[in-house]
Structures are given as structure tokens and as C-alpha cells.
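Enquirer: I am sharing target-v8.tsv, which consists of TSV, C-alpha atoms:
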chain	number	residue	atom	x	y	z
U	1	MET	CA	-47.79	45.41	49.67
U	2	ILE	CA	-47.08	42.53	52.04
U	3	SER	CA	-44.42	40.16	50.77
U	4	HIS	CA	-45.64	36.66	50.04
U	5	THR	CA	-42.24	35.21	49.14
U	6	GLY	CA	-42.65	32.49	51.77
U	7	PHE	CA	-45.74	31.09	50.04
U	8	VAL	CA	-44.02	31.16	46.63
U	9	LEU	CA	-40.93	29.39	48.01
U	10	ALA	CA	-43.09	26.83	49.81
U	11	SER	CA	-45.01	26.08	46.58
U	12	TYR	CA	-41.90	25.60	44.47
U	13	GLY	CA	-40.19	23.71	47.30
U	14	ALA	CA	-43.14	21.33	47.72
U	15	ALA	CA	-43.27	20.74	43.95
U	16	ILE	CA	-39.53	19.97	43.80
U	17	ILE	CA	-39.59	17.63	46.83
U	18	VAL	CA	-42.70	15.69	45.73
U	19	LEU	CA	-41.56	15.38	42.09
U	20	ALA	CA	-38.06	14.33	43.21
U	21	ALA	CA	-39.63	11.59	45.33
U	22	LEU	CA	-41.72	10.39	42.35
U	23	ILE	CA	-38.74	10.41	39.97
U	24	GLY	CA	-36.54	8.71	42.59
U	25	TRP	CA	-39.14	5.97	43.13
U	26	ILE	CA	-39.37	5.31	39.37
U	27	PHE	CA	-35.56	5.07	39.09
U	28	ILE	CA	-35.29	2.73	42.11
U	29	ASP	CA	-38.07	0.54	40.67
U	30	GLN	CA	-36.25	0.50	37.32
U	31	ARG	CA	-33.00	-0.63	38.96
U	32	SER	CA	-34.61	-3.40	40.97
U	33	GLN	CA	-36.55	-4.79	37.95
U	34	ARG	CA	-33.42	-4.70	35.79
U	35	GLN	CA	-31.40	-6.50	38.47
U	36	ALA	CA	-34.10	-9.17	38.91
U	37	LEU	CA	-34.24	-9.75	35.13
U	38	GLN	CA	-30.46	-10.05	34.89
U	39	GLU	CA	-30.34	-12.43	37.84
U	40	LEU	CA	-33.04	-14.68	36.33
U	41	GLU	CA	-31.42	-14.61	32.89
U	42	SER	CA	-28.02	-15.51	34.35
U	43	ARG	CA	-29.70	-18.53	35.99
U	44	GLY	CA	-30.86	-19.55	32.52
U	45	VAL	CA	-34.56	-18.90	33.16
U	46	ARG	CA	-36.50	-18.09	29.98
U	47	ARG	CA	-40.02	-16.76	29.51
U	48	ARG	CA	-42.57	-19.17	28.01
U	49	SER	CA	-42.73	-17.18	24.77
U	50	GLU	CA	-38.95	-17.40	24.46
U	51	THR	CA	-38.80	-21.15	25.07
U	52	LYS	CA	-41.52	-21.62	22.45
U	53	MET	CA	-39.39	-19.74	19.95
U	54	ASP	CA	-36.40	-21.88	20.91
U	55	ASN	CA	-38.37	-25.08	20.30
U	56	ALA	CA	-39.66	-23.86	16.95
U	57	SER	CA	-36.24	-23.06	15.60
V	1	MET	CA	-50.31	3.84	-0.02
V	2	SER	CA	-47.17	2.03	1.04
V	3	ASP	CA	-46.62	4.87	3.48
V	4	ALA	CA	-50.02	4.29	5.07
V	5	VAL	CA	-49.33	0.57	5.34
V	6	SER	CA	-46.00	1.08	7.04
V	7	LYS	CA	-47.53	3.64	9.41
V	8	THR	CA	-50.31	1.30	10.55
V	9	GLY	CA	-47.71	-1.44	10.74
V	10	ARG	CA	-45.68	0.65	13.15
V	11	TRP	CA	-48.75	1.50	15.21
V	12	ILE	CA	-49.66	-2.17	15.58
V	13	ASP	CA	-46.02	-2.98	16.42
V	14	LEU	CA	-46.54	-0.94	19.60
V	15	ALA	CA	-48.85	-3.70	20.84
V	16	ASN	CA	-45.79	-5.93	21.08
V	17	PRO	CA	-44.16	-5.25	24.48
V	18	THR	CA	-40.68	-6.10	23.18
V	19	ARG	CA	-41.02	-3.55	20.38
V	20	PHE	CA	-42.41	-1.04	22.88
V	21	LEU	CA	-39.37	-1.55	25.13
V	22	SER	CA	-36.87	-0.91	22.34
V	23	LEU	CA	-38.86	2.12	21.13
V	24	ALA	CA	-39.08	3.54	24.67
V	25	GLY	CA	-35.35	2.95	25.15
V	26	GLY	CA	-34.64	5.00	22.03
V	27	ILE	CA	-37.03	7.86	22.83
V	28	LEU	CA	-36.47	8.28	26.60
V	29	PRO	CA	-32.99	9.93	26.62
V	30	TRP	CA	-34.18	12.58	24.13
V	31	LEU	CA	-37.51	13.12	25.85
V	32	GLY	CA	-35.81	13.39	29.24
V	33	GLY	CA	-33.27	15.88	27.93
V	34	LEU	CA	-35.96	18.00	26.27
V	35	THR	CA	-38.00	17.96	29.51
V	36	VAL	CA	-35.07	19.30	31.55
V	37	LEU	CA	-34.36	21.98	28.94
V	38	VAL	CA	-37.97	23.23	28.64
V	39	LEU	CA	-38.52	23.18	32.42
V	40	ALA	CA	-35.28	25.12	32.96
V	41	ILE	CA	-36.37	27.78	30.44
V	42	GLY	CA	-39.87	27.85	31.95
V	43	PHE	CA	-38.46	28.24	35.47
V	44	TRP	CA	-36.22	31.09	34.37
V	45	MET	CA	-39.15	32.84	32.63
V	46	SER	CA	-41.35	32.34	35.71
V	47	MET	CA	-38.78	33.88	38.03
V	48	ASN	CA	-38.41	36.87	35.71
V	49	ALA	CA	-42.15	37.50	35.28
V	50	PRO	CA	-43.28	40.79	36.86
V	51	ASP	CA	-45.31	40.80	40.08
V	52	ASP	CA	-49.05	41.16	39.58
V	53	TYR	CA	-50.60	44.44	40.81
V	54	GLN	CA	-53.15	42.52	42.88
V	55	GLN	CA	-51.55	39.12	43.53
V	56	GLY	CA	-48.00	40.36	44.01
V	57	SER	CA	-45.38	37.60	43.84
V	58	THR	CA	-47.96	34.84	44.44
V	59	VAL	CA	-48.75	35.01	40.72
V	60	LYS	CA	-45.60	32.86	40.35
V	61	ILE	CA	-47.43	30.01	42.10
V	62	MET	CA	-49.85	29.98	39.13
V	63	PHE	CA	-47.02	28.97	36.76
V	64	ILE	CA	-46.85	25.59	38.49
V	65	HIS	CA	-50.37	25.29	39.94
V	66	VAL	CA	-52.15	25.58	36.58
V	67	PRO	CA	-49.95	22.99	34.75
V	68	PHE	CA	-50.37	20.55	37.66
V	69	ALA	CA	-54.14	20.97	37.54
V	70	TRP	CA	-54.24	20.54	33.75
V	71	LEU	CA	-52.06	17.43	33.94
V	72	SER	CA	-54.14	15.88	36.72
V	73	MET	CA	-57.08	15.92	34.28
V	74	MET	CA	-55.03	14.94	31.21
V	75	CYS	CA	-53.58	11.93	33.04
V	76	TYR	CA	-57.06	10.75	34.03
V	77	THR	CA	-58.25	11.19	30.43
V	78	ILE	CA	-55.32	9.08	29.19
V	79	MET	CA	-56.21	6.42	31.77
V	80	SER	CA	-59.83	6.47	30.54
V	81	VAL	CA	-58.69	5.93	26.94
V	82	ALA	CA	-56.46	3.11	28.21
V	83	ALA	CA	-59.48	1.65	30.03
V	84	LEU	CA	-61.35	1.58	26.70
V	85	GLY	CA	-58.26	-0.08	25.24
V	86	THR	CA	-58.46	-2.78	27.89
V	87	LEU	CA	-62.21	-3.38	27.61
V	88	VAL	CA	-62.89	-2.84	23.89
V	89	TRP	CA	-59.71	-3.52	21.93
V	90	ARG	CA	-57.95	-5.72	24.51
V	91	HIS	CA	-54.72	-3.95	23.74
V	92	PRO	CA	-51.96	-5.72	25.71
V	93	LEU	CA	-50.31	-2.46	26.78
V	94	ALA	CA	-53.50	-0.56	27.71
V	95	ASP	CA	-53.60	-1.98	31.23
V	96	VAL	CA	-49.85	-1.38	31.65
V	97	SER	CA	-50.38	2.25	30.60
V	98	ALA	CA	-53.28	2.80	33.03
V	99	LYS	CA	-51.48	1.18	35.97
V	100	ALA	CA	-48.28	3.14	35.33
V	101	ALA	CA	-50.10	6.47	34.94
V	102	ALA	CA	-52.15	6.32	38.17
V	103	PRO	CA	-49.40	7.18	40.72
V	104	ILE	CA	-48.09	9.96	38.45
V	105	GLY	CA	-51.60	11.41	38.15
V	106	ALA	CA	-52.07	11.21	41.91
V	107	VAL	CA	-48.82	13.14	42.47
V	108	PHE	CA	-49.80	15.91	40.03
V	109	THR	CA	-53.27	16.17	41.62
V	110	ALA	CA	-51.74	16.37	45.11
V	111	LEU	CA	-49.37	19.10	43.91
V	112	ALA	CA	-52.26	21.04	42.33
V	113	LEU	CA	-54.07	20.92	45.71
V	114	ILE	CA	-50.95	21.84	47.73
V	115	THR	CA	-49.88	24.75	45.50
V	116	GLY	CA	-53.51	25.94	45.26
V	117	SER	CA	-53.75	25.94	49.03
V	118	LEU	CA	-50.48	27.88	49.34
V	119	TRP	CA	-51.90	30.47	46.95
V	120	GLY	CA	-55.31	30.53	48.66
V	121	LYS	CA	-53.97	31.37	52.11
V	122	PRO	CA	-52.45	34.77	51.19
V	123	MET	CA	-55.00	35.64	48.44
V	124	TRP	CA	-58.33	34.29	49.74
V	125	GLY	CA	-57.35	34.27	53.41
V	126	THR	CA	-58.02	30.54	53.74
V	127	TRP	CA	-56.15	27.32	52.98
V	128	TRP	CA	-59.24	25.47	51.84
V	129	VAL	CA	-62.94	25.90	51.05
V	130	TRP	CA	-65.40	23.18	50.07
V	131	ASP	CA	-66.43	24.89	46.83
V	132	ALA	CA	-67.28	22.90	43.70
V	133	ARG	CA	-63.87	23.17	42.01
V	134	LEU	CA	-61.75	22.29	45.04
V	135	THR	CA	-64.07	19.50	46.13
V	136	SER	CA	-64.23	17.91	42.67
V	137	VAL	CA	-60.41	17.97	42.39
V	138	PHE	CA	-60.18	16.41	45.85
V	139	VAL	CA	-62.57	13.68	44.64
V	140	LEU	CA	-60.25	13.17	41.64
V	141	PHE	CA	-57.35	12.66	44.07
V	142	LEU	CA	-59.36	10.05	45.99
V	143	MET	CA	-60.25	8.32	42.69
V	144	TYR	CA	-56.55	8.07	41.86
V	145	LEU	CA	-55.85	6.51	45.28
V	146	GLY	CA	-58.70	4.01	44.78
V	147	ILE	CA	-57.41	3.05	41.33
V	148	ILE	CA	-53.83	2.66	42.65
V	149	ALA	CA	-55.13	0.37	45.41
V	150	LEU	CA	-57.21	-1.68	42.97
V	151	THR	CA	-54.39	-2.14	40.43
V	152	ARG	CA	-52.24	-3.56	43.22
V	153	ALA	CA	-54.93	-5.56	45.04
V	154	MET	CA	-54.71	-8.75	42.99
V	155	ASP	CA	-51.68	-10.87	42.14
V	156	ASP	CA	-52.82	-11.52	38.59
V	157	PRO	CA	-52.72	-8.27	36.57
V	158	ALA	CA	-55.25	-9.68	34.06
V	159	LYS	CA	-57.89	-9.92	36.82
V	160	SER	CA	-57.42	-6.42	38.21
V	161	ALA	CA	-57.22	-4.89	34.71
V	162	ARG	CA	-60.96	-5.23	33.98
V	163	ALA	CA	-62.10	-4.00	37.39
V	164	THR	CA	-59.71	-1.07	37.22
V	165	ALA	CA	-60.85	-0.17	33.70
V	166	ILE	CA	-64.52	-0.12	34.73
V	167	LEU	CA	-63.80	1.98	37.83
V	168	THR	CA	-61.70	4.40	35.73
V	169	LEU	CA	-64.46	4.85	33.14
V	170	VAL	CA	-67.13	5.42	35.79
V	171	GLY	CA	-64.88	8.02	37.42
V	172	PHE	CA	-64.39	9.88	34.13
V	173	ILE	CA	-67.71	11.66	34.78
V	174	ASN	CA	-65.72	13.77	37.26
V	175	ILE	CA	-63.50	15.32	34.56
V	176	PRO	CA	-66.17	17.51	32.86
V	177	ILE	CA	-67.50	18.30	36.34
V	178	ILE	CA	-64.05	19.65	37.34
V	179	LYS	CA	-63.68	21.58	34.07
V	180	PHE	CA	-67.12	23.24	34.18
V	181	SER	CA	-67.58	23.45	37.97
V	182	VAL	CA	-66.46	27.09	37.89
V	183	ASP	CA	-69.21	27.91	35.34
V	184	TRP	CA	-72.02	25.76	36.76
V	185	TRP	CA	-71.67	26.76	40.39
V	186	ASN	CA	-70.78	29.89	42.27
V	187	THR	CA	-67.22	29.02	43.32
V	188	LEU	CA	-64.55	30.91	45.18
V	189	HIS	CA	-62.16	29.51	42.57
V	190	GLN	CA	-61.94	31.81	39.56
V	191	PRO	CA	-63.39	30.73	36.17
V	192	ALA	CA	-61.20	29.70	33.21
V	193	SER	CA	-58.93	32.44	31.91
V	194	VAL	CA	-56.63	30.64	29.45
V	195	LEU	CA	-58.74	28.03	27.63
V	196	ARG	CA	-61.99	29.92	27.18
V	197	MET	CA	-64.28	31.17	24.43
V	198	GLY	CA	-63.09	34.52	23.17
V	199	GLY	CA	-59.42	33.87	23.92
V	200	SER	CA	-57.16	34.12	26.92
V	201	THR	CA	-57.60	37.04	29.30
V	202	LEU	CA	-54.03	36.69	30.57
V	203	ASP	CA	-51.38	39.26	29.75
V	204	GLN	CA	-48.54	38.02	27.51
V	205	SER	CA	-46.00	38.44	30.31
V	206	TYR	CA	-47.89	35.77	32.30
V	207	LEU	CA	-49.22	33.67	29.43
V	208	ARG	CA	-45.77	32.93	27.95
V	209	PRO	CA	-44.08	31.50	31.09
V	210	LEU	CA	-47.30	29.62	31.91
V	211	LEU	CA	-47.39	27.92	28.50
V	212	VAL	CA	-43.66	27.02	28.58
V	213	MET	CA	-44.08	25.54	32.08
V	214	ALA	CA	-47.20	23.65	30.91
V	215	ILE	CA	-45.28	22.17	27.96
V	216	GLY	CA	-42.34	21.32	30.28
V	217	PHE	CA	-44.51	19.49	32.82
V	218	THR	CA	-46.41	17.70	30.03
V	219	LEU	CA	-43.06	16.45	28.68
V	220	LEU	CA	-42.14	15.41	32.24
V	221	PHE	CA	-45.40	13.49	32.50
V	222	PHE	CA	-44.78	11.57	29.27
V	223	THR	CA	-41.15	10.83	30.22
V	224	LEU	CA	-42.21	9.45	33.60
V	225	HIS	CA	-45.17	7.57	32.11
V	226	LEU	CA	-42.93	5.83	29.53
V	227	MET	CA	-40.42	4.94	32.27
V	228	ALA	CA	-43.13	3.61	34.57
V	229	MET	CA	-44.69	1.59	31.70
V	230	ARG	CA	-41.29	0.07	30.94
V	231	ASN	CA	-40.83	-0.80	34.64
V	232	GLU	CA	-44.27	-2.44	34.69
V	233	ILE	CA	-43.49	-4.59	31.61
V	234	TRP	CA	-40.20	-5.66	33.22
V	235	ARG	CA	-42.00	-6.40	36.49
V	236	ARG	CA	-44.46	-8.69	34.68
V	237	ARG	CA	-41.60	-10.44	32.92
V	238	VAL	CA	-39.82	-11.03	36.23
V	239	THR	CA	-43.05	-12.51	37.68
V	240	ALA	CA	-43.53	-14.74	34.62
V	241	MET	CA	-39.91	-15.91	34.70
V	242	ARG	CA	-40.05	-16.63	38.45
V	243	ARG	CA	-43.13	-18.76	37.82
V	244	VAL	CA	-41.31	-20.70	35.09
V	245	ALA	CA	-38.29	-21.12	37.40
V	246	ALA	CA	-40.50	-22.35	40.27
V	247	ARG	CA	-42.25	-24.84	37.99
V	248	SER	CA	-39.01	-26.29	36.65
V	249	ALA	CA	-37.62	-26.47	40.20
V	250	ASP	CA	-40.76	-28.43	41.20
V	251	ARG	CA	-40.24	-30.85	38.36
V	252	GLY	CA	-36.64	-31.26	39.44
V	253	THR	CA	-37.58	-32.45	42.94
V	254	VAL	CA	-40.34	-34.82	41.70
V	255	SER	CA	-38.22	-36.69	39.18
Any chance you could give the structure as C-alpha cells?

Expert:
Amino acid sequence: MISHTGFVLASYGAAIIVLAALIGWIFIDQRSQRQALQELESRGVRRRSETKMDNAS
Amino acid sequence: MSDAVSKTGRWIDLANPTRFLSLAGGILPWLGGLTVLVLAIGFWMSMNAPDDYQQGSTVKIMFIHVPFAWLSMMCYTIMSVAALGTLVWRHPLADVSAKAAAPIGAVFTALALITGSLWGKPMWGTWWVWDARLTSVFVLFLMYLGIIALTRAMDDPAKSARATAILTLVGFINIPIIKFSVDWWNTLHQPASVLRMGGSTLDQSYLRPLLVMAIGFTLLFFTLHLMAMRNEIWRRRVTAMRRVAARSADRGTVS
């Protein structure tokens, strides 16, 4: 029987590369949103819902 | 009784994004760890599965191709339920869930097409045929791309949420077409062999690694979906806070 190892390796390789790209993108997005939130909070910016709670108390 | 009350209470709590964030933060490390463990076991089982007498080693492609294809349909079904959540119940996280799921679904659909093609070349002698199953999955991929474009087309997420939900629900008609295409039409793609009336026709030595891989990739999907939902909630908070900051800066210059 002819060996089809190349096709098997290509399939698993493609799956690993594409999934790694997806996971990497989600982690990069997570880091940039976290940094933006921290930066805004350190400047003392609050969300409307939070300021409302502050006023109520 | 009190149990039922607390359970519904917890379910409704999920509608609160802050509660969702703390819940996701608690679940994600465990879910991620379990995903890695199950996928590692599944990969080991796949590599140790015997070669098929007809397909040879290409049977190993099935251990990833079939889970990707299942998940491409499961993800779209979840997005359709989320679309109902947006339109009927106006659940605040439904739109977040649909928007976060779309790129993940598109990736799984693309991988199902790529791995299927890499199996088709040695086994069918062709990378691609326009039969009912392959074409309907390709249409699913295009639907994902359309939904991704629409969720990002408008600045205000509330505006795009309704349009996206309607498009998603209209596109759901494709899911039963994909599932039953192999029965309704004469396709080159083989009919169902795992989820079928009368039980699976697969041998245990192939069924076991396939199921472990399917569970592993399903766990991966939910891990990534939770992470992407959390990112989307944070993104909306950043936008809201920037708006507040811009408004107070405006006031500062006027006075």
C-alpha cells in the first residue's frame, strides 16, 4: 500500500497552526483589553453604572 | 424548593456581565487544563490506532476531521440559540456570545474543509468536488464570514446585534441541510457512520480515539468561547469608559 503519511502530517500540521493562530489571537486580544482597562482605571475613569452606584451610596 | 430557587437565581445571575466575568475567571483555568489533558490523551490514542485496511494511515485524519465538522455545526447552533436570546429574551450576554463564537466557528469549519480535502486527495483522487455535503459546508463557512463582517460593521454593538441575530437564524436552515445532505442526495461524501439509527458502524479501535478527540475539541471550543466572550465584555467596557472620559474632557474645556 502507498504511504500517505504526508497527508496525515499535513492535516495535523494545518490543524495545529490554525488553532495556534486562533488561540494566540484570543490571548493577544485579552492582553490588550486588560491593559486598556487598567490604563483607564488608573486615570480614574469609571463606567456610568459604577458612578451611579457611587452617587447612591 | 429552596434548591430550585437558588438554581434559577444562579442562572439569572449569569445575565449580569460582572457575575459572568467572575464565574468565567473561576472556571477557565480548570476548563483549559482539562482540555489540554483530554486532547493529549486523544492525540496519543489517535497515533496508536491501527491503519485501516482500505484507508491506510489516512484514517488518522478522520480523528480530527470529524470533530471539526461536528463543532462547525454545534457552534452555529449555539449562535442560533444566542440569536433567539437576543431577539426574544433580550439577554444582555446573548449578543456577546454570538459575536465571540463566530470566528471560532469559522476556524473549525475551515479546518474541517482543509482536513477533508487532505483526506480526499489520496482516497477519492481529488481535493474537492461540488457535491451536496461539501458545498453546504462551504456555504456554512461563507455564512460565518458574513456574520463576522456584520458583527464588526457598526460601531454600536446594540445596532448590529439585531441584524446579526436575524441573519444567523435565517442561515440556520443550512444546518439540517448539511446533516442530511448525505441521505437526501447522491454524494461522494460517505453517509453518517457514528450518529445513525441502528448504532455506530465504526470499529471500537477507531470509535474510542474519535470520541476522546471529539470531547477534547468540544472542551477547547468552550474554553475559547468563554475567553472570547470575556474579551468582548472587556472591550465594551473599554469603549464605554473611553466615552465617559471623552465627555468629561469635553466638559473640562467648556467650563

Enquirer: Show me which bits of chain U are within 8 Å of chain V, counting only C-alpha atoms, as number ranges by chain.

Expert: U: 1, 3-5, 7-8, 10-12, 14-15, 18-19, 22-23, 26, 29-30, 33-34, 36-37, 40, 45-48

Enquirer: Can you sort out the box for range 200-215 of chain V, edges along x, y and z, all listed atoms in, 8 Å on every side, with centre and edge lengths in Å to one decimal, as lines of an AutoDock Vina configuration file?

Expert:
center_x = -50.6
center_y = 30.7
center_z = 29.6
size_x = 29.9
size_y = 33.1
size_z = 21.4

Enquirer: Might you pull out every residue within 12 Å of Trp70 in chain V, with only C-alpha atoms counted and same-chain residues fewer than 5 positions away left off, and present them as a list in words?

Expert: Met62, Phe63, Ile64, His65, Cys75, Tyr76, Thr77, Gly105, Phe108, Thr109, Leu111, Ala112, Leu113, Val137, Ile175, Ile178, Lys179, Ala192, Val194, Leu195, Leu210, Leu211, Met213, Ala214, Ile215, Phe217, Thr218 and Phe221 of chain V

Enquirer: Generate the output file for the selected residues, C-alpha atoms, as a PDB file, in the coordinates of the input.

Expert:
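The resulting file, part.pdb, is shown below:
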ATOM      1  CA  MET V  62     -49.850  29.980  39.130  1.00  0.00           C
ATOM      2  CA  PHE V  63     -47.020  28.970  36.760  1.00  0.00           C
ATOM      3  CA  ILE V  64     -46.850  25.590  38.490  1.00  0.00           C
ATOM      4  CA  HIS V  65     -50.370  25.290  39.940  1.00  0.00           C
ATOM      5  CA  CYS V  75     -53.580  11.930  33.040  1.00  0.00           C
ATOM      6  CA  TYR V  76     -57.060  10.750  34.030  1.00  0.00           C
ATOM      7  CA  THR V  77     -58.250  11.190  30.430  1.00  0.00           C
ATOM      8  CA  GLY V 105     -51.600  11.410  38.150  1.00  0.00           C
ATOM      9  CA  PHE V 108     -49.800  15.910  40.030  1.00  0.00           C
ATOM     10  CA  THR V 109     -53.270  16.170  41.620  1.00  0.00           C
ATOM     11  CA  LEU V 111     -49.370  19.100  43.910  1.00  0.00           C
ATOM     12  CA  ALA V 112     -52.260  21.040  42.330  1.00  0.00           C
ATOM     13  CA  LEU V 113     -54.070  20.920  45.710  1.00  0.00           C
ATOM     14  CA  VAL V 137     -60.410  17.970  42.390  1.00  0.00           C
ATOM     15  CA  ILE V 175     -63.500  15.320  34.560  1.00  0.00           C
ATOM     16  CA  ILE V 178     -64.050  19.650  37.340  1.00  0.00           C
ATOM     17  CA  LYS V 179     -63.680  21.580  34.070  1.00  0.00           C
ATOM     18  CA  ALA V 192     -61.200  29.700  33.210  1.00  0.00           C
ATOM     19  CA  VAL V 194     -56.630  30.640  29.450  1.00  0.00           C
ATOM     20  CA  LEU V 195     -58.740  28.030  27.630  1.00  0.00           C
ATOM     21  CA  LEU V 210     -47.300  29.620  31.910  1.00  0.00           C
ATOM     22  CA  LEU V 211     -47.390  27.920  28.500  1.00  0.00           C
ATOM     23  CA  MET V 213     -44.080  25.540  32.080  1.00  0.00           C
ATOM     24  CA  ALA V 214     -47.200  23.650  30.910  1.00  0.00           C
ATOM     25  CA  ILE V 215     -45.280  22.170  27.960  1.00  0.00           C
ATOM     26  CA  PHE V 217     -44.510  19.490  32.820  1.00  0.00           C
ATOM     27  CA  THR V 218     -46.410  17.700  30.030  1.00  0.00           C
ATOM     28  CA  PHE V 221     -45.400  13.490  32.500  1.00  0.00           C
TER      29      PHE V 221
END

Enquirer: To one decimal place, how far is CA of Ile173 in chain V from CA of Ala158 in chain V in Å?

Expert: 24.7 Å

Enquirer: I'd like the interatomic distance between CA of Leu71 in chain V and CA of Arg31 in chain U, to a tenth of an Å.

Expert: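 Taking CA of Leu71 in chain V and CA of Arg31 in chain U, their separation equals 26.7 Å.
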
Enquirer: Could you state the separation of CA of Asp131 in chain V and CA of Leu188 in chain V in Å, given to one decimal place?

Expert: 6.5 Å

Enquirer: Pull N, CA and C atoms for range 21-40 of chain U from the block and write them as a PDB file, in the first residue's frame.

Expert:
ATOM      1  N   ALA U  21      -2.933  29.901  15.878  1.00  0.00           N
ATOM      2  CA  ALA U  21      -3.192  31.289  15.489  1.00  0.00           C
ATOM      3  C   ALA U  21      -4.446  31.812  16.190  1.00  0.00           C
ATOM      4  N   LEU U  22      -5.507  30.984  16.227  1.00  0.00           N
ATOM      5  CA  LEU U  22      -6.757  31.398  16.889  1.00  0.00           C
ATOM      6  C   LEU U  22      -6.530  31.643  18.385  1.00  0.00           C
ATOM      7  N   ILE U  23      -5.837  30.700  19.036  1.00  0.00           N
ATOM      8  CA  ILE U  23      -5.588  30.824  20.481  1.00  0.00           C
ATOM      9  C   ILE U  23      -4.698  32.036  20.747  1.00  0.00           C
ATOM     10  N   GLY U  24      -3.665  32.222  19.907  1.00  0.00           N
ATOM     11  CA  GLY U  24      -2.773  33.374  20.049  1.00  0.00           C
ATOM     12  C   GLY U  24      -3.533  34.679  19.928  1.00  0.00           C
ATOM     13  N   TRP U  25      -4.429  34.759  18.943  1.00  0.00           N
ATOM     14  CA  TRP U  25      -5.215  35.983  18.727  1.00  0.00           C
ATOM     15  C   TRP U  25      -6.085  36.278  19.951  1.00  0.00           C
ATOM     16  N   ILE U  26      -6.703  35.245  20.528  1.00  0.00           N
ATOM     17  CA  ILE U  26      -7.559  35.450  21.697  1.00  0.00           C
ATOM     18  C   ILE U  26      -6.726  35.943  22.887  1.00  0.00           C
ATOM     19  N   PHE U  27      -5.508  35.380  23.054  1.00  0.00           N
ATOM     20  CA  PHE U  27      -4.655  35.821  24.166  1.00  0.00           C
ATOM     21  C   PHE U  27      -4.164  37.254  23.965  1.00  0.00           C
ATOM     22  N   ILE U  28      -3.807  37.610  22.715  1.00  0.00           N
ATOM     23  CA  ILE U  28      -3.340  38.984  22.450  1.00  0.00           C
ATOM     24  C   ILE U  28      -4.478  39.975  22.708  1.00  0.00           C
ATOM     25  N   ASP U  29      -5.687  39.614  22.244  1.00  0.00           N
ATOM     26  CA  ASP U  29      -6.868  40.454  22.463  1.00  0.00           C
ATOM     27  C   ASP U  29      -7.095  40.636  23.961  1.00  0.00           C
ATOM     28  N   GLN U  30      -6.978  39.534  24.714  1.00  0.00           N
ATOM     29  CA  GLN U  30      -7.180  39.576  26.163  1.00  0.00           C
ATOM     30  C   GLN U  30      -6.190  40.545  26.815  1.00  0.00           C
ATOM     31  N   ARG U  31      -4.917  40.480  26.377  1.00  0.00           N
ATOM     32  CA  ARG U  31      -3.907  41.340  26.982  1.00  0.00           C
ATOM     33  C   ARG U  31      -4.187  42.810  26.675  1.00  0.00           C
ATOM     34  N   SER U  32      -4.577  43.086  25.423  1.00  0.00           N
ATOM     35  CA  SER U  32      -4.762  44.497  25.075  1.00  0.00           C
ATOM     36  C   SER U  32      -6.000  45.070  25.770  1.00  0.00           C
ATOM     37  N   GLN U  33      -7.068  44.255  25.939  1.00  0.00           N
ATOM     38  CA  GLN U  33      -8.259  44.778  26.642  1.00  0.00           C
ATOM     39  C   GLN U  33      -7.945  44.996  28.114  1.00  0.00           C
ATOM     40  N   ARG U  34      -7.195  44.066  28.715  1.00  0.00           N
ATOM     41  CA  ARG U  34      -6.841  44.214  30.127  1.00  0.00           C
ATOM     42  C   ARG U  34      -6.004  45.463  30.345  1.00  0.00           C
ATOM     43  N   GLN U  35      -5.029  45.686  29.438  1.00  0.00           N
ATOM     44  CA  GLN U  35      -4.165  46.869  29.566  1.00  0.00           C
ATOM     45  C   GLN U  35      -4.969  48.151  29.433  1.00  0.00           C
ATOM     46  N   ALA U  36      -5.912  48.172  28.462  1.00  0.00           N
ATOM     47  CA  ALA U  36      -6.730  49.375  28.251  1.00  0.00           C
ATOM     48  C   ALA U  36      -7.588  49.649  29.484  1.00  0.00           C
ATOM     49  N   LEU U  37      -8.156  48.596  30.068  1.00  0.00           N
ATOM     50  CA  LEU U  37      -8.990  48.762  31.273  1.00  0.00           C
ATOM     51  C   LEU U  37      -8.154  49.320  32.423  1.00  0.00           C
ATOM     52  N   GLN U  38      -6.965  48.739  32.609  1.00  0.00           N
ATOM     53  CA  GLN U  38      -6.103  49.197  33.706  1.00  0.00           C
ATOM     54  C   GLN U  38      -5.717  50.655  33.520  1.00  0.00           C
ATOM     55  N   GLU U  39      -5.397  51.010  32.261  1.00  0.00           N
ATOM     56  CA  GLU U  39      -4.959  52.372  31.966  1.00  0.00           C
ATOM     57  C   GLU U  39      -6.087  53.357  32.276  1.00  0.00           C
ATOM     58  N   LEU U  40      -7.330  53.000  31.856  1.00  0.00           N
ATOM     59  CA  LEU U  40      -8.473  53.888  32.095  1.00  0.00           C
ATOM     60  C   LEU U  40      -8.770  53.988  33.589  1.00  0.00           C
TER      61      LEU U  40
END
